[in-house]
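Worksheet: one structure, shown below.
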Amino acid sequence: MKIMESYTILPFSFSRFGINQMLLVNEAGDFYFLDPPNFSSLIEYHMDTSSSAFKDLKSKHFVTDTDIEPVIDLISTKYRTKKAFLNNFTTLHMIVITARCNHRCNYCHASSEDIKAAGWDMKPEVAKKVVEMIFQSPSQNIKIEFQGGEPLLNWSIVKEIVLYAKELNKKCKKDLEFVLCTNLTLINEDHIAFIKDNNVLLSTSLDGPKDIHDANRIMRNGQSSHKNFIEKLEFVRQHLGQGSVSALMTASVISLNRMKEIIDEYVRLGFCGVFMRALNPFGYAKSSYKQLGYSTEEFTDSYKDTLSYIIDLNIKGTYFAEFFASLLLTRILTPFSTGFVDLESPAGTGICGAIYDQNGDVYPCDEARMLAKAGDKKFLLGNVMNNSYADIFLGETLQNIIANSCVETLPGCSSCVFQIYCGSDPVRNYADQGDIIGHRPTGSFCKKHKTIFEHLFKLIREDKQEVMDVFWSWITKRPIGLMKHVELSGQTIKN
Amino acid sequence: MKETISEIKEGAAHIRLMKEIYDKEAVLNATYKMTDKYSVLIKPVGDHEMSVIIEPKSQQSIEELQSAASDFCNEVLDQQVRLNLERRFGKIRELIIEHAFSPLADLKSRLAQIK
């Protein structure tokens, strides 16, 4: 007997969620929890179109019982918004000013060179070509990020790049931004004056209290770096303001069991958030992973505990964000696009960001550069001195990466309920598993992200007002005191 | 006749699936998810059935194997539902993405073709 279809089902992915729920996510990233009997009714066209569940599903574009054309129009618009990062090809341009560094961090995936080593600084003619290459990007937004080594060791080139980029931008009129990634320990008043005059943002690294920071981030001469870091942090803030520096934390095995102390140190030093970053299996970290590393489960367990601790801090009145959760929550709870090189589909490598090595070699990401340094130049896109923009950014190497990085078509990803929020990292897949497509069941990338997505959705489903207030305060970057509880539109979620 | 038949023997889960119910693609998608812990063999049995043998890569108890077989049966069911739904709204999905990146002037007529 033919079923009378009183409504049209629109595209969505689904997964069993917890003991007795189904999680549905559509092309636009809208989501809905449904119990299995209602789910069966939905897909068998038996759902009562006057029920609240049906109305919720209709409002979120999972079904329609009216003209389909305007609904398709809306979903397409939302989808386009989610994928807006594709319009800005390529925004982030990282430049390795020098491979020399005064630190020798035990996990350093930049695998830095000695401070006195020769031949590891970017030369002026290469820097000029890099800037010219960057300004060929069609993106209206250009962020130039100075990396190393320690970029302050080749300061004259930083200045040349900033000034030349600003010169070119008089004609191009792009939204131009500079970020200096520095360990701060060498920064002086001359640097500060230039940084202030040219609106250069500062990004640094802090791994926690003194003993953890020093254990991970030792000076090349074997001395502690923490005291110097704290002094320079204060010095920078005195001249540039309290919010002038953001910090990045890398978790080694000693960090995992002491995350609360690390968070407390960040709060004590006046940072407004942390990005809980797992160790990358590159550079020194790869060779010493047995000493520094941990399993994906150990990381995600620690992540969940730490997130809970941070949420509590916010509830008690301290505004402090976990930036990775904040990014994912923005993807889940809002229609907006969030550019994040490591988690896009197609992959952000090359599309969202590219890195220029000190000799002018161009790679789609830092990890690809590190593979090259270890002898595998699979992802080398070209060199600014020898190749054109088209050779580098439209060449076969990048096209091959992009073509094999769409989660919509990857095995294990194509039917995943988190697909619209997630992405792929072909270079990571290659480094971990020897294949850019990767094998999801054994890959750490999928396991880590899936666990975090499941945890965030669990918290969203619980819909505790104080927790949701924290999430929205992170998304809107406003302290919780300014927030009101935002009920998930059209659905009251109960435990 | 049952849609699925499963039994544990010789250290592996043996599952038989009705071809009338399950597509090969659904079975492949479901088994792919288990390939971290299990070796999987899929073969046709006669005209109407598929045999799926799930063998753990490291030793497991009978209870663990039964649980794996049960999870597989749920997963293959979910995968088949996804395929069935995709057949219904896959064309709409393609249209949404096409319309998102290159707005279609003839959206109404394209939708009419799908229906």
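Residues are referred to by chain and number: the chain letter is A, B, ... according to the order shown in the structure tokens, the number counts from 1 in that chain, and ligands are numbered separately from 1 in the order shown.
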Using only C-alpha atoms and a cut-off of 8 Å, which residues of chain A sit close to chain B? Please list them as a PyMOL selection string. chain A and resi 9-11+13-15+27+43+69+72-73+75-77+79-80+411-412+415+440-442
Could you please take those selected residues and save N, CA and C atoms as a short mmCIF file (atom, residue, chain, number, x, y, z; two decimals), in the first residue's frame?
data_model
loop_
_atom_site.label_atom_id
_atom_site.label_comp_id
_atom_site.auth_asym_id
_atom_site.auth_seq_id
_atom_site.Cartn_x
_atom_site.Cartn_y
_atom_site.Cartn_z
N ILE A 9 10.27 15.14 3.51
CA ILE A 9 11.46 15.08 4.39
C ILE A 9 12.62 15.73 3.64
N LEU A 10 13.31 16.62 4.34
CA LEU A 10 14.45 17.31 3.75
C LEU A 10 15.75 16.62 4.22
N PRO A 11 16.84 16.85 3.53
CA PRO A 11 18.08 16.11 3.84
C PRO A 11 18.57 16.32 5.28
N SER A 13 21.33 14.19 8.45
CA SER A 13 22.09 13.04 8.94
C SER A 13 21.56 12.70 10.32
N PHE A 14 21.77 11.47 10.76
CA PHE A 14 21.30 11.12 12.10
C PHE A 14 22.24 10.11 12.75
N SER A 15 22.12 10.03 14.05
CA SER A 15 22.88 9.03 14.80
C SER A 15 22.14 8.72 16.08
N GLU A 27 21.54 19.95 6.67
CA GLU A 27 22.61 20.53 5.84
C GLU A 27 23.07 21.90 6.34
N ILE A 43 10.24 9.11 9.57
CA ILE A 43 10.75 8.60 8.28
C ILE A 43 9.73 7.70 7.57
N GLU A 69 9.99 25.30 -2.32
CA GLU A 69 10.97 26.19 -2.93
C GLU A 69 11.56 27.22 -1.94
N ILE A 72 14.00 25.47 0.42
CA ILE A 72 15.29 25.16 -0.20
C ILE A 72 16.15 26.43 -0.29
N ASP A 73 15.48 27.52 -0.61
CA ASP A 73 16.17 28.81 -0.67
C ASP A 73 16.84 29.13 0.67
N ILE A 75 17.58 27.02 3.23
CA ILE A 75 18.64 26.07 3.60
C ILE A 75 19.91 26.37 2.79
N SER A 76 19.72 26.68 1.52
CA SER A 76 20.88 27.00 0.67
C SER A 76 21.62 28.23 1.19
N THR A 77 20.85 29.21 1.61
CA THR A 77 21.48 30.43 2.15
C THR A 77 22.27 30.11 3.41
N TYR A 79 23.49 27.20 4.21
CA TYR A 79 24.64 26.37 3.83
C TYR A 79 25.77 27.24 3.30
N ARG A 80 25.39 28.22 2.46
CA ARG A 80 26.38 29.14 1.91
C ARG A 80 27.07 29.91 3.03
N PRO A 411 35.15 8.07 3.44
CA PRO A 411 34.59 6.92 4.15
C PRO A 411 34.56 7.17 5.66
N GLY A 412 33.46 6.87 6.27
CA GLY A 412 33.31 7.08 7.71
C GLY A 412 32.80 8.48 8.04
N SER A 415 28.57 9.72 6.27
CA SER A 415 27.29 9.53 6.96
C SER A 415 27.33 10.00 8.41
N ARG A 440 39.37 6.25 9.34
CA ARG A 440 38.67 6.84 10.48
C ARG A 440 38.65 5.95 11.74
N PRO A 441 38.36 4.66 11.61
CA PRO A 441 38.25 3.86 12.86
C PRO A 441 39.53 3.83 13.70
N THR A 442 40.70 3.97 13.04
CA THR A 442 41.94 3.91 13.82
C THR A 442 42.62 5.28 13.95
#
What is the CA of Cys406 in chain A-CA of Leu380 in chain A distance in Å, reported with one decimal?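 Distance between the two atoms: 20.5 Å.
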Secondary structure check, strand (DSSP E) residues of range 143-250 of chain A, as a ChimeraX atom specification: /A:143-147,175-181,200-205,245-250
Residues just named, written with N, CA and C atoms as a PDB file, in the first residue's frame:
ATOM      1  N   LYS A 143      45.663  38.002   6.754  1.00  0.00           N
ATOM      2  CA  LYS A 143      46.343  37.996   8.053  1.00  0.00           C
ATOM      3  C   LYS A 143      47.747  37.442   7.841  1.00  0.00           C
ATOM      4  N   ILE A 144      48.746  38.250   8.161  1.00  0.00           N
ATOM      5  CA  ILE A 144      50.137  37.797   8.043  1.00  0.00           C
ATOM      6  C   ILE A 144      50.646  37.473   9.440  1.00  0.00           C
ATOM      7  N   GLU A 145      51.049  36.224   9.605  1.00  0.00           N
ATOM      8  CA  GLU A 145      51.470  35.762  10.932  1.00  0.00           C
ATOM      9  C   GLU A 145      52.954  35.429  10.897  1.00  0.00           C
ATOM     10  N   PHE A 146      53.714  36.083  11.746  1.00  0.00           N
ATOM     11  CA  PHE A 146      55.159  35.854  11.790  1.00  0.00           C
ATOM     12  C   PHE A 146      55.468  34.711  12.757  1.00  0.00           C
ATOM     13  N   GLN A 147      56.135  33.695  12.211  1.00  0.00           N
ATOM     14  CA  GLN A 147      56.451  32.531  13.032  1.00  0.00           C
ATOM     15  C   GLN A 147      57.939  32.234  12.995  1.00  0.00           C
ATOM     16  N   ASP A 175      41.655  44.128   4.089  1.00  0.00           N
ATOM     17  CA  ASP A 175      41.657  44.189   5.555  1.00  0.00           C
ATOM     18  C   ASP A 175      42.898  43.438   6.021  1.00  0.00           C
ATOM     19  N   LEU A 176      43.910  44.199   6.371  1.00  0.00           N
ATOM     20  CA  LEU A 176      45.235  43.632   6.633  1.00  0.00           C
ATOM     21  C   LEU A 176      45.511  43.576   8.131  1.00  0.00           C
ATOM     22  N   GLU A 177      45.997  42.428   8.564  1.00  0.00           N
ATOM     23  CA  GLU A 177      46.249  42.218   9.992  1.00  0.00           C
ATOM     24  C   GLU A 177      47.603  41.520  10.150  1.00  0.00           C
ATOM     25  N   PHE A 178      48.313  41.866  11.210  1.00  0.00           N
ATOM     26  CA  PHE A 178      49.605  41.214  11.482  1.00  0.00           C
ATOM     27  C   PHE A 178      49.574  40.566  12.865  1.00  0.00           C
ATOM     28  N   VAL A 179      50.149  39.376  12.942  1.00  0.00           N
ATOM     29  CA  VAL A 179      50.275  38.702  14.241  1.00  0.00           C
ATOM     30  C   VAL A 179      51.722  38.243  14.390  1.00  0.00           C
ATOM     31  N   LEU A 180      52.308  38.576  15.509  1.00  0.00           N
ATOM     32  CA  LEU A 180      53.676  38.142  15.796  1.00  0.00           C
ATOM     33  C   LEU A 180      53.622  37.031  16.843  1.00  0.00           C
ATOM     34  N   CYS A 181      54.058  35.838  16.445  1.00  0.00           N
ATOM     35  CA  CYS A 181      54.088  34.706  17.388  1.00  0.00           C
ATOM     36  C   CYS A 181      55.471  34.668  18.027  1.00  0.00           C
ATOM     37  N   VAL A 200      50.407  45.557  15.375  1.00  0.00           N
ATOM     38  CA  VAL A 200      50.735  44.131  15.280  1.00  0.00           C
ATOM     39  C   VAL A 200      50.225  43.434  16.542  1.00  0.00           C
ATOM     40  N   LEU A 201      49.467  42.366  16.341  1.00  0.00           N
ATOM     41  CA  LEU A 201      48.957  41.608  17.499  1.00  0.00           C
ATOM     42  C   LEU A 201      50.032  40.625  17.965  1.00  0.00           C
ATOM     43  N   LEU A 202      49.996  40.298  19.230  1.00  0.00           N
ATOM     44  CA  LEU A 202      50.994  39.380  19.775  1.00  0.00           C
ATOM     45  C   LEU A 202      50.354  38.074  20.219  1.00  0.00           C
ATOM     46  N   SER A 203      51.003  36.986  19.848  1.00  0.00           N
ATOM     47  CA  SER A 203      50.554  35.670  20.301  1.00  0.00           C
ATOM     48  C   SER A 203      51.753  34.973  20.924  1.00  0.00           C
ATOM     49  N   THR A 204      51.548  34.408  22.107  1.00  0.00           N
ATOM     50  CA  THR A 204      52.683  33.773  22.771  1.00  0.00           C
ATOM     51  C   THR A 204      52.299  32.372  23.254  1.00  0.00           C
ATOM     52  N   SER A 205      53.193  31.751  23.983  1.00  0.00           N
ATOM     53  CA  SER A 205      52.943  30.400  24.486  1.00  0.00           C
ATOM     54  C   SER A 205      53.138  30.368  25.992  1.00  0.00           C
ATOM     55  N   VAL A 245      48.094  40.590  24.375  1.00  0.00           N
ATOM     56  CA  VAL A 245      48.762  39.310  24.091  1.00  0.00           C
ATOM     57  C   VAL A 245      47.801  38.159  24.338  1.00  0.00           C
ATOM     58  N   SER A 246      47.719  37.260  23.375  1.00  0.00           N
ATOM     59  CA  SER A 246      46.987  36.008  23.626  1.00  0.00           C
ATOM     60  C   SER A 246      48.010  34.894  23.772  1.00  0.00           C
ATOM     61  N   ALA A 247      47.612  33.814  24.428  1.00  0.00           N
ATOM     62  CA  ALA A 247      48.579  32.738  24.674  1.00  0.00           C
ATOM     63  C   ALA A 247      48.019  31.397  24.216  1.00  0.00           C
ATOM     64  N   LEU A 248      48.929  30.547  23.807  1.00  0.00           N
ATOM     65  CA  LEU A 248      48.579  29.208  23.347  1.00  0.00           C
ATOM     66  C   LEU A 248      49.218  28.192  24.293  1.00  0.00           C
ATOM     67  N   MET A 249      48.480  27.153  24.613  1.00  0.00           N
ATOM     68  CA  MET A 249      48.991  26.136  25.520  1.00  0.00           C
ATOM     69  C   MET A 249      49.074  24.801  24.778  1.00  0.00           C
ATOM     70  N   THR A 250      50.192  24.128  24.917  1.00  0.00           N
ATOM     71  CA  THR A 250      50.308  22.780  24.357  1.00  0.00           C
ATOM     72  C   THR A 250      50.405  21.799  25.516  1.00  0.00           C
TER      73      THR A 250
END
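Of the listed residues B:Lys9, B:Lys57, B:Lys24, B:Lys19, the one whose atoms come nearest to Val45 in chain B is B:Lys19, with distances taken using only C-alpha atoms.
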Contacts of Ile53 in chain B at 9 Å (only C-alpha atoms; same-chain gap of 6+ positions) as a PyMOL selection string: chain B and resi 12-16+39-43
Picked from range 174-359 of chain A by DSSP as alpha helix (DSSP H), as a ChimeraX atom specification: /A:189-197,210-216,226-240,253-256,259-268,283-287,289-292,296-315,323-333
